[in-house]
Every structure is written in structure tokens, then in C-alpha cells.
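Chemist: Below you'll find the structure I mean.
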2 protein chains.
Amino acid sequence: MLPDPLTRLVEQLQKLPGIGAKGAQRLAFHILKNPRDDAERLCEAIRDIKERVTYCTVCNNITEQDPCGFCTSVSRDQRLICVVEEPQNVSVVEKTREFRGVYHVLMGALSPLHGVGPDDLKIQGLLSRVKDGAVDEVILATNPNVEGEATALYLARLLKPLGVRVTRIAMGIPVGSDLEYADEVTMSRAMEGRREV
Amino acid sequence: MLPDPLTRLVEQLQKLPGIGAKGAQRLAFHILKNPRDDAERLCEAIRDIKERVTYCTVCNNITEQDPCGFCTSVSRDQRLICVVEEPQNVSVVEKTREFRGVYHVLMGALSPLHGVGPDDLKIQGLLSRVKDGAVDEVILATNPNVEGEATALYLARLLKPLGVRVTRIAMGIPVGSDLEYADEVTMSRAMEGRREV
């Protein structure tokens with residue numbers, strides 16, 4: 001006996017990641033109860049993001065201007081490229097406030113199971129940037145899972161012959177956590193990656 | 001370094017219940033990545049719900065026509081009113097497929113701590129419906145928490161002098177759960193409400 005428009009909104013909200021049937025209904029009732037202005041502002045923000053945000057033709061990061069702020073910045077080291085899977089990974093690296101290079105977003109990771117091959121990723125653009133000769137080092141910061149590892153290995157094999165330094169971010173015990181909770185793969189990576197103190 | 005429109009969408013999404021900073025960012029990136037049509041459909045559904053869904057002037061339930069389908073139905077027992085706090089509670093009762101009466105939505109519960117008094121709830125409408133004399137029983141199905149209990153007690157005190165039968169839904173151990181996990185208040189309510197077998 002739910003009104004049609006409510007059912008339709010619940011359907012649309014359920015398509016969003018991490019929102020199930022109960023959550024979608026809760027959100028729909030919230031939108032219904034709250035002022036019309038709030039709903040308008042939400043709609044405008046959704047429209048705006050689709051209209052105004054685009055992808056940088058150099059690094060594929062999201063941006064309002066193309067090329068993006070990173071690729072045109074004189075204060076960033078254009079000879080150091082950090083490769084990530086998704087645009088949202090850029091802000092994770094930025095939050096460290098220590099990386100002063102630029103980025104290259106692959107828009108995914110190799111995943112034969114999901115039908116994602118090399119041609120589905122922004123790999124050609126990365127190779128062109130390196131071939132242009134103005135790059136010293138490529139840091140592979142793909143996710144530390146099966147797909148991310150496979151992607152990193154694949155890229156390393158393509159990049160090394162071009163005479164560029166290729167590195168992979170370290171895997172190990174997260175800072176502030178407890179050895180007790182480390183899984184065996186992480187622990188073995190932490191041992192493997194040990195350093196002199 | 002996130003584009004402005006993205007930051008604004010994250011802000012708007014964070015205002016929704018149960019969506020934090022991380023969740024909002026995840027949703028925003030999802031909307032950005034997915035086809036424009038999906039975003040359009042979501043916006044339309046949000047606008048539609050604000051334009052087309054209204055509240056029934058009899059029972060305050062959400063509806064596209066006023067009065068709502070329950071209040072105008074000849075197959076529902078108009079002499080039996082189930083009182084709930086919010087419109088979303090109606091569907092919980094409907095799902096039992098056993099209740100054949102009508103509803104009255106209070107639009108909240110008494111909560112002095114949050115500044116919600118009797119005048120903030122749709123109590124007058126309920127009293128009018130009962131005073132009109134065409135009601136046999138009022139089932140108080142407010143939530144089984146402090147606010148819901150206080151509201152039920154308050155309503156019972158107002159309704160009983162009007163010569164109507166007033167009942168409260170049973171509290172006890174949920175069906176399919178285990179006594180081991182029952183808290184002491186629920187367990188004591190279950191003992192109190194015991195019946196002959």
C-alpha cells in the first residue's frame with residue numbers, strides 16, 4: 001500500500017552501493033519528511049556533478065578543468081607518477097601530505113573473472129607519458145588484493161623496459177593495529193618487507 | 001583537491017540518515033561514474049516524491065490521494081484503529097496480512113528531552129475520530145521504548161474516558177530468537193504477559 005512515487009524512489013536508492021531494501025526505505029521516508037529545499041539541493045548537487053565534473057585527459061583523475069590541477073601544477077613533481085585504480089584513491093594518497101608528484105588513474109584493475117582486461121584500463125596513456133621521457137619513477141599504488149597485485153605486475157613488466165624506475169607501495173601491518181589481528185598473508189608480507197633499524 | 005561539485009554532493013548526501021563521510025564519498029563517486037540516465041532517474045524520483053506524495057488528512061499516513069486508500073476502503077474495518085508513530089510503521093503492520101482495520105499516524109512520539117510535547121503530535125485528530133463514535137477499539141502500536149511507552153500511556157488516559165476499548169501490542173521474546181539473547185526488560189515483559197496454554 002506504499003504510494004507509487006515512494007516505491008520508485010526506494011528502487012532508485014537501492015541501486016546505490018551499500019544501500020539495501022531497508023536502508024533505501026529509510027532514506028526515502030527521510031526525504032519525504034524533510035523540507036522540499038533539502039530535496040532540491042540534493043537533486044541540484046547530483047545534476048551538477050554530472051554536468052561539471054569531467055575526467056582529466058592526461059591522468060584520468062576527476063576535475064572541473066582539463067587538464068587537472070595536478071597535471072598543470074608547477075609545484076608538483078611531474079617526473080614522479082603515482083598509479084592508482086580509482087579517482088577516489090587519489091585523495092587517500094593526498095591526505096598523507098607527503099607525496100609531491102602527480103597521478104595516473106587506471107579506472108579499474110585487471111580482473112579476468114569480471115571481464116576486465118588491459119584494454120579496459122587507461123594503460124596506453126600511462127605508457128605514452130613514460131615514453132615521452134619526462135618521467136623518473138612510477139609508483140604502483142594499486143590495491144593490495146589479487147586484482148591490484150596482478151595489475152601492478154602487468155604494469156611493471158611493460159614499464160621497466162622503458163628505462164623508468166618502477167616501485168610498489170609497501171604491504172605490512174597497519175600502523176596502530178595489533179599483530180594479534182594480522183592475517184597470515186599480511187604478516188608474511190610484513191616479514192618479507194622487513195628493514196634494518 | 002576534490003572538485004567543488006563533488007564536495008557539495010558529499011555534503012548533501014551526508015545529511016541523509018545513516019550516511020557518514022566515507023559512505024557519502026562512496027555514493028558520490030558511484031553517481032559520478034555511472035550513466036547520466038541513472039542520476040536523472042534518481043533526481044526525478046526525489047522530485048516526484050515531494051510533488052506527488054502527501055499526507056492523509058484523516059489518518060496522516062502517506063498517500064497520493066487524500067483521504068488515503070485505507071480510510072476510504074470498504075473492505076477495511078473502520079471501527080478498529082491501529083495507532084503508530086511514523087508512516088513507515090504502517091507497512092510493518094500490513095506485512096502481517098492479519099490486521100484488517102485502519103490506521104492513525106501520530107508523526108512522532110512524546111519526548112520531553114527532544115522538546116516533543118502532545119501538541120506536536122497528531123493526537124487531536126485521533127480524539128475526534130474516536131469522539132465521532134464510530135470506533136470500537138484503538139490498538140496502541142507505538143514503539144516499545146521509553147518514548148513510545150509514554151505516548152501509549154498518555155493516549156490511553158485520554159481515550160478510555162471516551163468509552164472506547166484501548167489495547168497495547170504485546171512485548172516479549174521475538175519469534176525465532178533465543179532466550180539466551182533476551183535482555184532483562186524484554187524477559188520480564190515476556191513473563192508478565194504470559195498466557196494459559
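Numbering starts fresh at 1 for the residues of each chain in the C-alpha cells, the chains themselves are lettered A, B, ... in the order given, and ligands are numbered from 1 as they appear.
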Taking only residues of chain A that have an atom at most 6 Å from an atom of chain B, what is each one's shortest atom pair and its distance in Å to one decimal, using only C-alpha atoms, in chain and number order, as JSON lines?
Modeler:
```
{"residue": "A:Pro3", "atom": "CA", "partner": "B:Thr63", "partner_atom": "CA", "distance": 5.7}
{"residue": "A:Pro5", "atom": "CA", "partner": "B:Ile49", "partner_atom": "CA", "distance": 5.2}
{"residue": "A:Leu6", "atom": "CA", "partner": "B:Ile49", "partner_atom": "CA", "distance": 5.9}
{"residue": "A:Leu9", "atom": "CA", "partner": "B:Ala45", "partner_atom": "CA", "distance": 4.8}
{"residue": "A:Gln12", "atom": "CA", "partner": "B:Leu42", "partner_atom": "CA", "distance": 5.6}
{"residue": "A:Leu42", "atom": "CA", "partner": "B:Gln12", "partner_atom": "CA", "distance": 5.6}
{"residue": "A:Cys43", "atom": "CA", "partner": "B:Cys43", "partner_atom": "CA", "distance": 5.3}
{"residue": "A:Ala45", "atom": "CA", "partner": "B:Leu9", "partner_atom": "CA", "distance": 4.9}
{"residue": "A:Ile49", "atom": "CA", "partner": "B:Pro5", "partner_atom": "CA", "distance": 5.2}
{"residue": "A:Thr63", "atom": "CA", "partner": "B:Pro3", "partner_atom": "CA", "distance": 5.7}
```
Chemist: With only C-alpha atoms as the counted atoms, please give the residues lying no more than 6 Å from Val138 in chain A, apart from itself and same-chain residues fewer than 3 positions off, as a list in words.
Modeler: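 Result of the neighbour search: Ile81, Cys82 and Val166 of chain A.
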Chemist: Need the shell around Arg76 in chain A: protein/DNA/RNA residues with any atom at most 10 Å away, counting only C-alpha atoms. Skip same-chain ones fewer than 4 positions apart. Format as an NGL selection string?
Modeler: :A and (69-72 or 80 or 99-102)
Chemist: When you draw a straight line from CA of Met187 in chain B to CA of Leu140 in chain B, how long is it in Å?
Modeler: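 Between CA of Met187 in chain B and CA of Leu140 in chain B the gap works out to 20.7 Å.
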Chemist: Residues near Ala156 in chain B, anyone? I mean within 10 Å using only C-alpha atoms, not counting same-chain ones fewer than 3 positions away, as a PyMOL selection string.
Modeler: chain B and resi 138-140+150-153+159-161+164-168
Chemist: Pull the strand (DSSP E) assignments for range 49-153 of chain B out of DSSP run on the backbone, and list those residues as a ChimeraX atom specification.
Modeler: /B:54-55,62-63,77-84,101-105,137-140
Chemist: B:Arg97, B:Lys22, B:Arg189, B:His104: which is nearest Val130 in chain B, counting only C-alpha atoms?
Modeler: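 Closest candidate: B:His104.
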Chemist: Determine, counting only C-alpha atoms, which protein, DNA and RNA residues have an atom within 12 Å of an atom of Asp119 in chain A; residues of the same chain fewer than 3 positions away are not included. Present the result as a list in words.
Modeler: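 The residues satisfying every condition are Leu106, Met107, Gly108, Ala109, Leu110, Ser111, Pro112, Gly115, Val116, Lys122, Ile123, Gln124 and Gly125 of chain A.
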Chemist: Name the residues in contact with Arg79 in chain A at a cut-off of 7 Å, using only C-alpha atoms, excluding same-chain residues fewer than 5 positions from it; report them as JSON, numbers by chain.
Modeler: {"A": [134, 135, 136, 137]}
Chemist: Keeping only C-alpha atoms, write those residues as a PDB file, in the first residue's frame.
Modeler:
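Contents of the output file out.pdb:
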```pdb
ATOM      1  CA  ALA A 134      59.977  13.107 -18.732  1.00  0.00           C
ATOM      2  CA  VAL A 135      59.311  10.514 -16.002  1.00  0.00           C
ATOM      3  CA  ASP A 136      61.837   9.246 -13.418  1.00  0.00           C
ATOM      4  CA  GLU A 137      59.709   6.946 -11.300  1.00  0.00           C
TER       5      GLU A 137
END
```
Chemist: So which one's closest to Cys56 in chain B, B:Met171, B:Asp120, B:Val197, B:Tyr103? Using only C-alpha atoms, please.
Modeler: B:Tyr103
Chemist: Would you return as a count of residues only the members of chain A that DSSP assigns to helix (DSSP H, G or I) on this structure's backbone?
Modeler: 97
Chemist: One decimal, Å: what's the distance from CA of Gly20 in chain B over to CA of Val93 in chain A, could you say?
Modeler: 20.4 Å
Chemist: Please indicate the distance in Å from CA of Lys95 in chain B to CA of Ala141 in chain B, rounded to one decimal place.
Modeler: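 So the two atoms, CA of Lys95 in chain B and CA of Ala141 in chain B, lie 14.3 Å apart.
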